[in-house]
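**Q** So I've got this file, final13.pdb, and it contains PDB, C-alpha atoms:
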```
ATOM      1  CA  MET A  30      14.094  12.464   5.773
ATOM      2  CA  HIS A  31      15.057  13.801   9.206
ATOM      3  CA  SER A  32      18.386  12.669  10.587
ATOM      4  CA  ASP A  33      18.502  14.755  13.757
ATOM      5  CA  PRO A  34      16.971  12.862  16.751
ATOM      6  CA  ALA A  35      15.253  16.059  17.964
ATOM      7  CA  GLU A  36      13.624  16.481  14.538
ATOM      8  CA  VAL A  37      12.528  12.839  14.575
ATOM      9  CA  GLN A  38      11.018  13.377  18.029
ATOM     10  CA  LYS A  39       8.935  16.222  16.578
ATOM     11  CA  SER A  40       7.858  14.002  13.678
ATOM     12  CA  VAL A  41       6.474  11.391  16.081
ATOM     13  CA  ARG A  42       3.669  13.802  16.996
ATOM     14  CA  THR A  43       2.863  14.232  13.300
ATOM     15  CA  TYR A  44       2.783  10.440  12.853
ATOM     16  CA  MET A  45       0.206  10.154  15.637
ATOM     17  CA  MET A  46      -1.928  12.936  14.165
ATOM     18  CA  VAL A  47      -1.862  11.253  10.751
ATOM     19  CA  PHE A  48      -2.775   7.949  12.414
ATOM     20  CA  GLY A  49      -5.853   9.612  13.912
ATOM     21  CA  ALA A  50      -6.755  11.222  10.588
ATOM     22  CA  LEU A  51      -6.440   7.880   8.779
ATOM     23  CA  LEU A  52      -8.780   6.225  11.274
ATOM     24  CA  VAL A  53     -11.312   9.045  10.900
ATOM     25  CA  CYS A  54     -11.126   8.732   7.092
ATOM     26  CA  THR A  55     -11.747   4.977   7.336
ATOM     27  CA  VAL A  56     -14.847   5.587   9.455
ATOM     28  CA  LEU A  57     -15.999   8.226   6.921
ATOM     29  CA  THR A  58     -15.533   5.764   4.039
ATOM     30  CA  VAL A  59     -17.714   3.142   5.731
ATOM     31  CA  ALA A  60     -20.264   5.765   6.845
ATOM     32  CA  ALA A  61     -20.549   7.138   3.292
ATOM     33  CA  ASN A  62     -21.196   3.600   2.080
ATOM     34  CA  GLU A  63     -24.043   3.211   4.600
ATOM     35  CA  MET A  64     -25.797   6.217   3.045
ATOM     36  CA  HIS A  65     -26.475   4.164  -0.135
ATOM     37  CA  LEU A  66     -25.686   7.022  -2.504
ATOM     38  CA  MET A  67     -25.937   6.853  -6.303
ATOM     39  CA  VAL A  68     -23.116   4.700  -7.694
ATOM     40  CA  PRO A  69     -21.160   7.507  -9.481
ATOM     41  CA  LEU A  70     -21.307   9.697  -6.345
ATOM     42  CA  ALA A  71     -20.375   6.779  -4.061
ATOM     43  CA  ILE A  72     -17.377   5.930  -6.295
ATOM     44  CA  THR A  73     -16.241   9.566  -6.313
ATOM     45  CA  ILE A  74     -16.515   9.943  -2.524
ATOM     46  CA  ALA A  75     -14.778   6.609  -1.799
ATOM     47  CA  LEU A  76     -11.916   7.327  -4.198
ATOM     48  CA  VAL A  77     -11.447  10.909  -2.972
ATOM     49  CA  ILE A  78     -11.190   9.669   0.645
ATOM     50  CA  ALA A  79      -8.813   6.864  -0.452
ATOM     51  CA  GLY A  80      -6.756   9.490  -2.313
ATOM     52  CA  VAL A  81      -6.537  11.666   0.803
ATOM     53  CA  LYS A  82      -5.509   8.667   2.922
ATOM     54  CA  GLY A  83      -2.941   7.556   0.347
ATOM     55  CA  SER A  84      -1.475  11.072   0.161
ATOM     56  CA  MET A  85      -1.079  11.179   3.940
ATOM     57  CA  VAL A  86       0.688   7.807   4.020
ATOM     58  CA  ALA A  87       2.976   8.748   1.116
ATOM     59  CA  SER A  88       3.842  12.261   2.265
ATOM     60  CA  VAL A  89       4.244  11.626   6.012
ATOM     61  CA  PHE A  90       5.066   7.950   6.611
ATOM     62  CA  MET A  91       7.086   7.576   3.403
ATOM     63  CA  HIS A  92       8.618  11.045   3.886
ATOM     64  CA  LEU A  93       7.699  12.115   0.362
ATOM     65  CA  SER A  94       6.947  15.645   1.553
ATOM     66  CA  HIS A  95      10.683  16.270   1.863
ATOM     67  CA  GLU A  96      12.543  13.929  -0.452
ATOM     68  CA  LYS A  97      15.340  14.259  -2.986
ATOM     69  CA  LYS A  98      14.711  15.302  -6.592
ATOM     70  CA  ALA A  99      15.779  11.905  -7.986
ATOM     71  CA  ILE A 100      12.847  10.236  -6.232
ATOM     72  CA  TYR A 101      10.343  12.854  -7.428
ATOM     73  CA  ALA A 102      11.633  12.404 -10.996
ATOM     74  CA  ALA A 103      11.239   8.614 -10.843
ATOM     75  CA  LEU A 104       7.750   8.940  -9.336
ATOM     76  CA  LEU A 105       6.627  11.524 -11.897
ATOM     77  CA  LEU A 106       7.536   9.108 -14.675
ATOM     78  CA  THR A 107       5.708   6.342 -12.804
ATOM     79  CA  VAL A 108       2.551   8.431 -12.475
ATOM     80  CA  VAL A 109       2.554   9.177 -16.228
ATOM     81  CA  PHE A 110       2.939   5.514 -17.167
ATOM     82  CA  PHE A 111       0.443   4.467 -14.482
ATOM     83  CA  LEU A 112      -2.215   6.743 -15.972
ATOM     84  CA  VAL A 113      -1.458   5.458 -19.478
ATOM     85  CA  LEU A 114      -1.721   1.888 -18.194
ATOM     86  CA  LEU A 115      -4.968   2.652 -16.405
ATOM     87  CA  PHE A 116      -6.719   4.262 -19.346
ATOM     88  CA  ILE A 117      -5.214   2.633 -22.427
ATOM     89  CA  PRO A 118      -7.626  -0.338 -22.287
ATOM     90  CA  MET A 119     -10.453   2.181 -22.635
ATOM     91  CA  LEU A 120      -9.224   2.851 -26.162
ATOM     92  CA  SER A 121     -10.585  -0.565 -27.083
ATOM     93  CA  MET A 122     -14.042   0.992 -26.751
ATOM     94  CA  ALA A 123     -13.202   3.301 -29.639
ATOM     95  CA  ASP A 124     -11.834   0.462 -31.769
ATOM     96  CA  HIS A 125     -14.387  -0.222 -34.487
ATOM     97  CA  ILE A 126     -12.174  -2.266 -36.809
ATOM     98  CA  GLY A 127     -14.100  -5.319 -37.963
ATOM     99  CA  VAL A 128     -17.451  -3.924 -36.837
ATOM    100  CA  PRO A 129     -19.951  -3.460 -39.705
ATOM    101  CA  ILE A 130     -20.788   0.154 -40.558
ATOM    102  CA  GLY A 131     -23.800   1.264 -38.560
ATOM    103  CA  MET A 132     -23.125  -1.265 -35.787
ATOM    104  CA  ALA A 133     -20.280   0.713 -34.190
ATOM    105  CA  ARG A 134     -20.927   1.869 -30.621
TER     106      ARG A 134
ATOM    107  CA  MET B  17      34.397  -5.797  -1.087
ATOM    108  CA  GLN B  18      32.151  -3.244   0.599
ATOM    109  CA  ILE B  19      28.867  -2.262  -1.032
ATOM    110  CA  PRO B  20      29.168   1.475  -1.735
ATOM    111  CA  TYR B  21      26.769   4.183  -0.556
ATOM    112  CA  THR B  22      24.903   2.189   2.091
ATOM    113  CA  VAL B  23      25.290   4.913   4.698
ATOM    114  CA  GLU B  24      26.542   8.045   2.951
ATOM    115  CA  ALA B  25      24.530   9.445   0.035
ATOM    116  CA  ARG B  26      25.721   9.186  -3.562
ATOM    117  CA  PRO B  27      26.907  12.610  -4.736
ATOM    118  CA  ASP B  28      24.826  12.513  -7.943
ATOM    119  CA  THR B  29      21.440  11.413  -6.535
ATOM    120  CA  GLY B  30      21.823  12.594  -2.949
ATOM    121  CA  LEU B  31      20.471   9.188  -1.877
ATOM    122  CA  THR B  32      21.848   5.935  -0.556
ATOM    123  CA  ASN B  33      21.763   3.053  -3.023
ATOM    124  CA  GLY B  34      19.265   1.154  -0.905
ATOM    125  CA  LYS B  35      16.804   4.030  -0.852
ATOM    126  CA  LEU B  36      16.974   4.700  -4.583
ATOM    127  CA  GLY B  37      16.682   0.958  -5.176
ATOM    128  CA  ILE B  38      13.543   0.542  -3.083
ATOM    129  CA  TRP B  39      11.868   3.538  -4.755
ATOM    130  CA  LEU B  40      12.585   2.111  -8.215
ATOM    131  CA  PHE B  41      11.212  -1.232  -7.026
ATOM    132  CA  LEU B  42       8.094   0.507  -5.695
ATOM    133  CA  ALA B  43       7.692   2.237  -9.065
ATOM    134  CA  SER B  44       7.615  -1.202 -10.706
ATOM    135  CA  GLU B  45       5.090  -2.312  -8.080
ATOM    136  CA  VAL B  46       2.846   0.628  -8.970
ATOM    137  CA  MET B  47       2.837  -0.664 -12.546
ATOM    138  CA  LEU B  48       2.083  -4.222 -11.396
ATOM    139  CA  PHE B  49      -0.915  -3.237  -9.282
ATOM    140  CA  GLY B  50      -1.819  -0.577 -11.871
ATOM    141  CA  ALA B  51      -2.200  -3.294 -14.501
ATOM    142  CA  LEU B  52      -4.556  -5.209 -12.224
ATOM    143  CA  PHE B  53      -6.583  -2.119 -11.298
ATOM    144  CA  SER B  54      -6.828  -1.420 -15.022
ATOM    145  CA  ALA B  55      -8.086  -4.980 -15.570
ATOM    146  CA  TYR B  56     -10.638  -4.418 -12.769
ATOM    147  CA  ILE B  57     -11.965  -1.247 -14.426
ATOM    148  CA  LEU B  58     -12.202  -2.965 -17.804
ATOM    149  CA  LEU B  59     -14.010  -5.987 -16.358
ATOM    150  CA  ARG B  60     -16.385  -3.821 -14.363
ATOM    151  CA  VAL B  61     -17.187  -1.455 -17.229
ATOM    152  CA  GLY B  62     -17.786  -4.416 -19.543
ATOM    153  CA  ALA B  63     -19.958  -6.386 -17.112
ATOM    154  CA  PRO B  64     -23.750  -6.181 -17.578
ATOM    155  CA  GLU B  65     -24.090  -6.056 -13.771
ATOM    156  CA  TRP B  66     -21.621  -5.937 -10.890
ATOM    157  CA  PRO B  67     -22.300  -7.659  -7.556
ATOM    158  CA  HIS B  68     -22.616  -5.634  -4.342
ATOM    159  CA  GLY B  69     -22.449  -6.774  -0.754
ATOM    160  CA  GLU B  70     -20.605 -10.020  -1.495
ATOM    161  CA  LEU B  71     -17.793  -9.219   0.942
ATOM    162  CA  SER B  72     -17.840  -8.508   4.662
ATOM    163  CA  ILE B  73     -17.368  -4.747   5.089
ATOM    164  CA  LYS B  74     -16.759  -5.313   8.810
ATOM    165  CA  LEU B  75     -13.798  -7.630   8.174
ATOM    166  CA  GLY B  76     -12.452  -5.351   5.426
ATOM    167  CA  ALA B  77     -12.672  -2.293   7.697
ATOM    168  CA  ILE B  78     -11.001  -4.166  10.573
ATOM    169  CA  ASN B  79      -8.170  -5.179   8.245
ATOM    170  CA  THR B  80      -7.845  -1.554   7.092
ATOM    171  CA  VAL B  81      -7.428  -0.398  10.700
ATOM    172  CA  ILE B  82      -4.913  -3.212  11.313
ATOM    173  CA  LEU B  83      -2.781  -2.219   8.311
ATOM    174  CA  ILE B  84      -2.928   1.496   9.140
ATOM    175  CA  SER B  85      -1.834   0.670  12.706
ATOM    176  CA  SER B  86       1.006  -1.481  11.359
ATOM    177  CA  SER B  87       2.193   1.444   9.230
ATOM    178  CA  VAL B  88       2.353   3.602  12.358
ATOM    179  CA  THR B  89       4.258   0.966  14.352
ATOM    180  CA  MET B  90       6.629   0.507  11.389
ATOM    181  CA  VAL B  91       7.458   4.208  11.158
ATOM    182  CA  MET B  92       7.860   4.248  14.949
ATOM    183  CA  ALA B  93      10.309   1.322  14.706
ATOM    184  CA  TRP B  94      12.445   3.477  12.414
ATOM    185  CA  ALA B  95      12.000   6.644  14.518
ATOM    186  CA  SER B  96      13.057   4.720  17.647
ATOM    187  CA  LEU B  97      16.343   3.775  15.986
ATOM    188  CA  LYS B  98      16.897   7.414  15.025
ATOM    189  CA  MET B  99      16.367   8.293  18.692
ATOM    190  CA  ASN B 100      18.800   5.542  19.651
ATOM    191  CA  ASN B 101      16.166   3.540  21.529
ATOM    192  CA  TRP B 102      16.827  -0.108  20.668
ATOM    193  CA  GLY B 103      14.219  -1.546  23.055
ATOM    194  CA  ARG B 104      11.418   0.576  21.611
ATOM    195  CA  HIS B 105      12.518  -0.333  18.089
ATOM    196  CA  ARG B 106      12.236  -4.054  18.879
ATOM    197  CA  LEU B 107       8.812  -3.568  20.442
ATOM    198  CA  TYR B 108       7.442  -1.605  17.469
ATOM    199  CA  LEU B 109       8.892  -4.010  14.892
ATOM    200  CA  LEU B 110       7.419  -6.965  16.755
ATOM    201  CA  LEU B 111       4.048  -5.172  16.918
ATOM    202  CA  THR B 112       4.201  -4.553  13.159
ATOM    203  CA  PHE B 113       4.901  -8.240  12.589
ATOM    204  CA  LEU B 114       2.018  -9.298  14.835
ATOM    205  CA  LEU B 115      -0.394  -6.866  13.190
ATOM    206  CA  SER B 116       0.541  -8.153   9.734
ATOM    207  CA  ALA B 117       0.021 -11.737  10.948
ATOM    208  CA  THR B 118      -3.418 -10.729  12.291
ATOM    209  CA  PHE B 119      -4.253  -9.249   8.881
ATOM    210  CA  LEU B 120      -3.423 -12.550   7.196
ATOM    211  CA  VAL B 121      -5.385 -14.581   9.764
ATOM    212  CA  ASN B 122      -8.447 -12.396   9.063
ATOM    213  CA  LYS B 123      -7.900 -12.864   5.355
ATOM    214  CA  TYR B 124      -7.685 -16.625   5.843
ATOM    215  CA  PHE B 125     -11.091 -16.702   7.572
ATOM    216  CA  GLU B 126     -12.528 -14.481   4.867
ATOM    217  CA  TYR B 127     -11.177 -16.706   2.083
ATOM    218  CA  ARG B 128     -12.368 -19.872   3.848
ATOM    219  CA  GLU B 129     -15.890 -18.522   4.205
ATOM    220  CA  HIS B 130     -16.092 -17.714   0.492
ATOM    221  CA  LEU B 131     -14.513 -20.979  -0.631
ATOM    222  CA  GLU B 132     -16.888 -23.007   1.581
ATOM    223  CA  ALA B 133     -19.792 -21.161  -0.027
ATOM    224  CA  GLY B 134     -18.446 -22.128  -3.454
ATOM    225  CA  GLN B 135     -17.386 -18.546  -4.155
ATOM    226  CA  GLY B 136     -13.914 -19.270  -5.454
ATOM    227  CA  PRO B 137     -12.160 -17.395  -8.272
ATOM    228  CA  TRP B 138     -14.057 -19.587 -10.768
ATOM    229  CA  HIS B 139     -17.447 -18.435  -9.403
ATOM    230  CA  SER B 140     -17.658 -15.073 -11.184
ATOM    231  CA  THR B 141     -15.599 -12.283 -12.728
ATOM    232  CA  PHE B 142     -15.927 -10.362  -9.465
ATOM    233  CA  PHE B 143     -14.464 -13.159  -7.366
ATOM    234  CA  ALA B 144     -11.754 -13.809  -9.968
ATOM    235  CA  ILE B 145     -10.463 -10.230  -9.727
ATOM    236  CA  TYR B 146     -11.077 -10.169  -5.939
ATOM    237  CA  PHE B 147      -8.900 -13.237  -5.326
ATOM    238  CA  THR B 148      -6.241 -12.035  -7.798
ATOM    239  CA  LEU B 149      -5.913  -8.567  -6.250
ATOM    240  CA  THR B 150      -6.155  -9.584  -2.602
ATOM    241  CA  GLY B 151      -4.046 -12.719  -3.174
ATOM    242  CA  LEU B 152      -1.220 -10.697  -4.709
ATOM    243  CA  HIS B 153      -1.533  -8.155  -1.908
ATOM    244  CA  GLY B 154      -1.464 -10.973   0.651
ATOM    245  CA  LEU B 155       1.756 -12.302  -0.891
ATOM    246  CA  HIS B 156       3.267  -8.843  -0.442
ATOM    247  CA  ILE B 157       2.242  -8.913   3.227
ATOM    248  CA  LEU B 158       3.895 -12.312   3.561
ATOM    249  CA  GLY B 159       7.077 -10.995   1.899
ATOM    250  CA  GLY B 160       7.169  -8.047   4.300
ATOM    251  CA  MET B 161       6.734 -10.405   7.260
ATOM    252  CA  VAL B 162       9.733 -12.485   6.135
ATOM    253  CA  VAL B 163      11.878  -9.335   6.020
ATOM    254  CA  MET B 164      10.630  -8.206   9.452
ATOM    255  CA  LEU B 165      11.338 -11.645  10.880
ATOM    256  CA  TYR B 166      14.894 -11.400   9.527
ATOM    257  CA  PHE B 167      15.415  -8.038  11.245
ATOM    258  CA  LEU B 168      13.900  -9.366  14.461
ATOM    259  CA  GLY B 169      16.270 -12.339  14.261
ATOM    260  CA  PRO B 170      19.676 -12.683  12.594
ATOM    261  CA  GLY B 171      19.543  -9.318  10.795
ATOM    262  CA  ALA B 172      19.426  -7.453  14.123
ATOM    263  CA  LYS B 173      23.143  -8.092  14.696
ATOM    264  CA  MET B 174      24.015  -5.288  12.301
ATOM    265  CA  TRP B 175      22.856  -2.689  14.864
ATOM    266  CA  LYS B 176      26.035  -3.412  16.838
ATOM    267  CA  THR B 177      28.445  -3.245  13.897
ATOM    268  CA  SER B 178      26.833  -0.601  11.665
ATOM    269  CA  PRO B 179      23.884   1.155  13.332
ATOM    270  CA  GLU B 180      23.411   3.696  10.549
ATOM    271  CA  GLN B 181      23.220   1.038   7.864
ATOM    272  CA  PHE B 182      20.780  -0.950  10.001
ATOM    273  CA  THR B 183      18.609   2.163  10.434
ATOM    274  CA  ASN B 184      18.623   2.670   6.659
ATOM    275  CA  ARG B 185      17.572  -0.953   6.170
ATOM    276  CA  ILE B 186      14.625  -0.480   8.518
ATOM    277  CA  GLU B 187      13.676   2.702   6.663
ATOM    278  CA  THR B 188      13.763   0.775   3.370
ATOM    279  CA  THR B 189      11.614  -1.993   4.870
ATOM    280  CA  GLY B 190       9.242   0.689   6.116
ATOM    281  CA  LEU B 191       8.907   2.254   2.658
ATOM    282  CA  TYR B 192       7.901  -1.133   1.257
ATOM    283  CA  TRP B 193       5.476  -1.689   4.136
ATOM    284  CA  HIS B 194       3.783   1.700   3.721
ATOM    285  CA  PHE B 195       3.348   0.939   0.026
ATOM    286  CA  VAL B 196       1.596  -2.339   0.887
ATOM    287  CA  ASP B 197      -0.675  -0.339   3.238
ATOM    288  CA  LEU B 198      -1.289   2.214   0.487
ATOM    289  CA  VAL B 199      -2.410  -0.482  -1.960
ATOM    290  CA  TRP B 200      -4.898  -1.801   0.621
ATOM    291  CA  ILE B 201      -6.245   1.720   1.187
ATOM    292  CA  PHE B 202      -7.445   1.603  -2.436
ATOM    293  CA  LEU B 203      -8.375  -2.095  -2.498
ATOM    294  CA  PHE B 204     -10.787  -1.746   0.427
ATOM    295  CA  PRO B 205     -13.246   0.721  -1.134
ATOM    296  CA  VAL B 206     -12.852  -0.668  -4.650
ATOM    297  CA  LEU B 207     -13.621  -4.291  -3.709
ATOM    298  CA  TYR B 208     -15.668  -4.077  -0.509
ATOM    299  CA  LEU B 209     -17.736  -0.931  -0.897
ATOM    300  CA  LEU B 210     -18.274  -0.025  -4.546
TER     301      LEU B 210
END
```
In structure tokens, how does this file's structure come out?

**A**
Amino acid sequence: MHSDPAEVQKSVRTYMMVFGALLVCTVLTVAANEMHLMVPLAITIALVIAGVKGSMVASVFMHLSHEKKAIYAALLLTVVFFLVLLFIPMLSMADHIGVPIGMAR
Amino acid sequence: MQIPYTVEARPDTGLTNGKLGIWLFLASEVMLFGALFSAYILLRVGAPEWPHGELSIKLGAINTVILISSSVTMVMAWASLKMNNWGRHRLYLLLTFLLSATFLVNKYFEYREHLEAGQGPWHSTFFAIYFTLTGLHGLHILGGMVVMLYFLGPGAKMWKTSPEQFTNRIETTGLYWHFVDLVWIFLFPVLYLL
């Protein structure tokens, strides 16, 4: 986080550039949707653009590009548990307990 | 008794207590929304078919632009304090508040349209997860608005007694607000487009 007013003044320009980039990305998301692409491709494109937008918000507006180690450590742990949380229900697909032999997916 | 480390950083973390606190809170929020996104994936993967075009992309896109704009005005409210410009800070904070109110008004019209068409959370799995995710997000918007209203009103007095602490409070509010924006950035394509 910048504490010097002159540094903050410089950051304002970056904020405006990111604002513009976020608007462009939003237009791109809607435009990609209008192209009626195959579902897997549409999902990939939409999530990649959302990822780019999210990264810009986190790194510039939330100042994550220059933060203290304690915050990075907490966020790293969060990302690990987030991914576990996101994908652990998928394990239920591999759970064949109680399913007769030959009927398992 | 004075709350320690509100202005100066703790020697061990290099952060003020408020900043570390809000980041830990945001980490818990990631898990909360993560659980719901996980539920969405599971429901969608398990559904024989998933509806498309049920929501107004135009309204969703407008709300995306509104929230992005509110993130910019929020960061500018903080930057203005850093540059010692109280008037600009008030203007940007008020703009952020108004933009968030506009977001909720749009959401109200969107909800009303669906409810009048009988498309409530009971209608289908899609609308159940749609109302759950956007409803929880809307509550977060409302929470942020309450905090902003406090800093526009009685909370603003602190600027005169402890400007640095006030600036840190606005930064903390901003971090929460950007997170709410970030969640919407993912909600929009997931619910409205895919």

**Q** I'd like to see the residues matched by the PyMOL selection byres ((chain B and resi 98-111) around 8) on this file, and ideally I'd get them as a list in words.

**A** Ser32, Asp33, Pro34, Ala35, Val37 and Gln38 of chain A; Ser86, Thr89, Met90, Met92, Ala93, Trp94, Ala95, Ser96, Leu97, Thr112, Phe113, Leu114, Leu115, Met164, Leu168 and Thr183 of chain B

**Q** Just C-alpha atoms for this one: save the residues we selected as a PDB file, in the coordinates of the input.

**A**
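Dumped everything to part.pdb:
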```pdb
ATOM      1  CA  SER A  32      18.386  12.669  10.587  1.00  0.00           C
ATOM      2  CA  ASP A  33      18.502  14.755  13.757  1.00  0.00           C
ATOM      3  CA  PRO A  34      16.971  12.862  16.751  1.00  0.00           C
ATOM      4  CA  ALA A  35      15.253  16.059  17.964  1.00  0.00           C
ATOM      5  CA  VAL A  37      12.528  12.839  14.575  1.00  0.00           C
ATOM      6  CA  GLN A  38      11.018  13.377  18.029  1.00  0.00           C
TER       7      GLN A  38
ATOM      8  CA  SER B  86       1.006  -1.481  11.359  1.00  0.00           C
ATOM      9  CA  THR B  89       4.258   0.966  14.352  1.00  0.00           C
ATOM     10  CA  MET B  90       6.629   0.507  11.389  1.00  0.00           C
ATOM     11  CA  MET B  92       7.860   4.248  14.949  1.00  0.00           C
ATOM     12  CA  ALA B  93      10.309   1.322  14.706  1.00  0.00           C
ATOM     13  CA  TRP B  94      12.445   3.477  12.414  1.00  0.00           C
ATOM     14  CA  ALA B  95      12.000   6.644  14.518  1.00  0.00           C
ATOM     15  CA  SER B  96      13.057   4.720  17.647  1.00  0.00           C
ATOM     16  CA  LEU B  97      16.343   3.775  15.986  1.00  0.00           C
ATOM     17  CA  THR B 112       4.201  -4.553  13.159  1.00  0.00           C
ATOM     18  CA  PHE B 113       4.901  -8.240  12.589  1.00  0.00           C
ATOM     19  CA  LEU B 114       2.018  -9.298  14.835  1.00  0.00           C
ATOM     20  CA  LEU B 115      -0.394  -6.866  13.190  1.00  0.00           C
ATOM     21  CA  MET B 164      10.630  -8.206   9.452  1.00  0.00           C
ATOM     22  CA  LEU B 168      13.900  -9.366  14.461  1.00  0.00           C
ATOM     23  CA  THR B 183      18.609   2.163  10.434  1.00  0.00           C
TER      24      THR B 183
END
```

**Q** Dump as a PyMOL selection string the residues of chain A that approach chain B to within 7 Å, counting all atoms listed in the file.

**A** chain A and resi 34+37+44+48+52+62+72+75+79+83+86+90-91+97+99-100+104+107+111+114-115+118

**Q** On this structure, which residues satisfy the PyMOL selection byres ((chain B and resi 132-141) around 10), written as a list of chain:residue names?

**A**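 Checked against the file, the PyMOL selection byres ((chain B and resi 132-141) around 10) matches B:Tyr56, B:Leu59, B:Arg60, B:Ala63, B:Trp66, B:Pro67, B:Glu70, B:Tyr127, B:Arg128, B:Glu129, B:His130, B:Leu131, B:Phe142, B:Phe143, B:Ala144, B:Ile145, B:Tyr146, B:Phe147, B:Thr148.
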
**Q** So, counting all atoms listed in the file, which residue among B:Val196, B:Ile186, B:Ala172, B:Met17 is closest to B:Gly159?

**A**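 Going through B:Val196, B:Ile186, B:Ala172, B:Met17 one by one, the smallest distance to B:Gly159 is for B:Val196.
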
**Q** Adding 6 Å on each side of the box along x, y and z that holds all listed atoms of stretch 83-98 of chain A, could you give its centre and edge lengths in Å to one decimal, as JSON?

**A**
```
{"center_x": 6.2, "center_y": 11.9, "center_z": 0.0, "size_x": 30.3, "size_y": 20.7, "size_z": 25.2}
```

**Q** So which residues touch B:Val162 within 12 Å, counting only C-alpha atoms, skipping near sequence neighbours fewer than 4 positions away, as number ranges by chain?

**A** B: 112-113, 116-117, 155-158, 166-171, 189, 193

**Q** What's the separation between atom CA of B:Glu24 and atom CA of A:Ser94, in Å to one decimal place?

**A**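 Those two atoms sit 21.1 Å apart.
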
**Q** Work out how far atom CA of B:Leu83 is from atom CA of A:Ala71, in Å to one decimal.

**A** 23.3 Å

**Q** Counting all atoms listed in the file, which residue out of A:Met67, A:Met85, A:Ile117, A:Leu105 sits closest to A:Ala50?

**A**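 Once distances to A:Ala50 are computed over all atoms listed in the file, the minimum belongs to A:Met85.
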